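To start, the structure under review is shown below, and the notes come after it.
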Amino acid sequence: QVQLVESGGGLVQAGGSLRLSCTASGSIFSINPMGWYRQAPGKQRELVATITSGGSTNYADSVRGRFTISRDNANYMMYLQMNSLKPEDTAVYYCNRPGRWFDWGQGTQVTVSS
């Protein structure tokens with residue numbers, strides 16, 4: 001099993017940037033696709049970006065062109081660079097394996113003020 005720890009969230013003004021980090025505990029991370037999810041108050045958790053073990057990426061329409069997902073398999077890390085942030089990006093952000101979830105981490109809060 002893999003333990004996931006998200007960090008890097010915070011309060012930012014609209015148009016600003018943040019970089020989220022995901023630290024995984026086990027080497028199994030390196031051979032699995034991974035993704036960033038977010039959950040806003042009163043809404044379902046949604047998948048916003050994915051990356052395969054080889055680095056191929058995909059994005060939800062709502063973040064494409066503004067967010068960039070990347071990973072460092074050697075150090076069991078994954079990142080989400082978020083630019084041009086909007087108030088609607090406000091949510092708790094989580095990392096996990098799409099479709100076959102590991103245990104969820106605590107997430108990291110991102111708040112974008114208008």
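Numbering starts fresh at 1 for the residues of each chain in the structure tokens, the chains themselves are lettered A, B, ... in the order given, and ligands are numbered from 1 as they appear.
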
DSSP helix (DSSP H, G or I) selection over chain A, as a JSON list (two decimals) with C-alpha atoms, in the first residue's frame:
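Output (states_35.json):
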```
[["chain", "number", "residue", "atom", "x", "y", "z"],
["A", 27, "SER", "CA", 8.15, 2.41, -4.93],
["A", 28, "ILE", "CA", 4.91, 1.10, -6.41],
["A", 29, "PHE", "CA", 4.14, 4.77, -7.09],
["A", 30, "SER", "CA", 6.65, 4.78, -9.93],
["A", 31, "ILE", "CA", 4.88, 2.17, -12.05],
["A", 73, "ASN", "CA", 9.53, 8.69, -10.25],
["A", 74, "ALA", "CA", 12.99, 8.42, -8.73],
["A", 75, "ASN", "CA", 11.88, 10.38, -5.68],
["A", 87, "PRO", "CA", -12.01, 31.49, -7.70],
["A", 88, "GLU", "CA", -13.69, 28.35, -9.04],
["A", 89, "ASP", "CA", -10.42, 26.47, -8.52]]
```

Practice task
Using only C-alpha atoms, determine which residues lie at most 7 Å from Leu4 (chain A), disregarding the query and same-chain residues fewer than 2 positions distant; provide the list as a ChimeraX atom specification.
Solution key: /A:2,6,22-25,104-105

Selection to disk with C-alpha atoms, as a tab-separated table (two decimals), in the first residue's frame:
```
chain	number	residue	atom	x	y	z
A	2	VAL	CA	1.08	3.56	-0.65
A	6	GLU	CA	-0.21	16.48	-0.36
A	22	CYS	CA	2.42	14.86	-3.65
A	23	THR	CA	4.82	12.63	-1.75
A	24	ALA	CA	4.32	8.87	-1.98
A	25	SER	CA	5.74	6.34	0.45
A	104	TRP	CA	-6.59	9.02	0.51
A	105	GLY	CA	-4.28	11.58	2.05
```

Practice task
Please identify which residues in region 1-66 of chain A DSSP calls strand (DSSP E or B) from the backbone, and express them as a VMD selection string.
Solution key: chain A and resid 4 to 7 10 to 13 18 to 24 34 to 39 46 to 51 57 to 59

Exercise for the section: Please measure the separation of CA of Gln39 (chain A) and CA of Tyr93 (chain A), giving the value in Å to one decimal. Expected result: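 CA of Tyr93 (chain A) lies 6.6 Å from CA of Gln39 (chain A).
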
Would you kindly return, as a JSON list (two decimals) with N, CA and C atoms, in the first residue's frame, each protein, DNA or RNA residue with an atom no farther than 8 Å from any atom of Gly16 (chain A), considering only C-alpha atoms and excluding same-chain residues fewer than 4 positions away?
```
[["chain", "number", "residue", "atom", "x", "y", "z"],
["A", 12, "VAL", "N", -4.43, 32.47, -2.46],
["A", 12, "VAL", "CA", -3.83, 33.24, -3.54],
["A", 12, "VAL", "C", -4.92, 34.06, -4.22],
["A", 83, "ASN", "N", -1.45, 27.76, -12.71],
["A", 83, "ASN", "CA", -1.31, 29.16, -13.10],
["A", 83, "ASN", "C", -2.67, 29.75, -13.44],
["A", 84, "SER", "N", -2.72, 31.06, -13.49],
["A", 84, "SER", "CA", -3.97, 31.76, -13.84],
["A", 84, "SER", "C", -5.14, 31.25, -13.03],
["A", 85, "LEU", "N", -4.94, 31.15, -11.74],
["A", 85, "LEU", "CA", -5.96, 30.57, -10.88],
["A", 85, "LEU", "C", -7.22, 31.42, -10.85]]
```
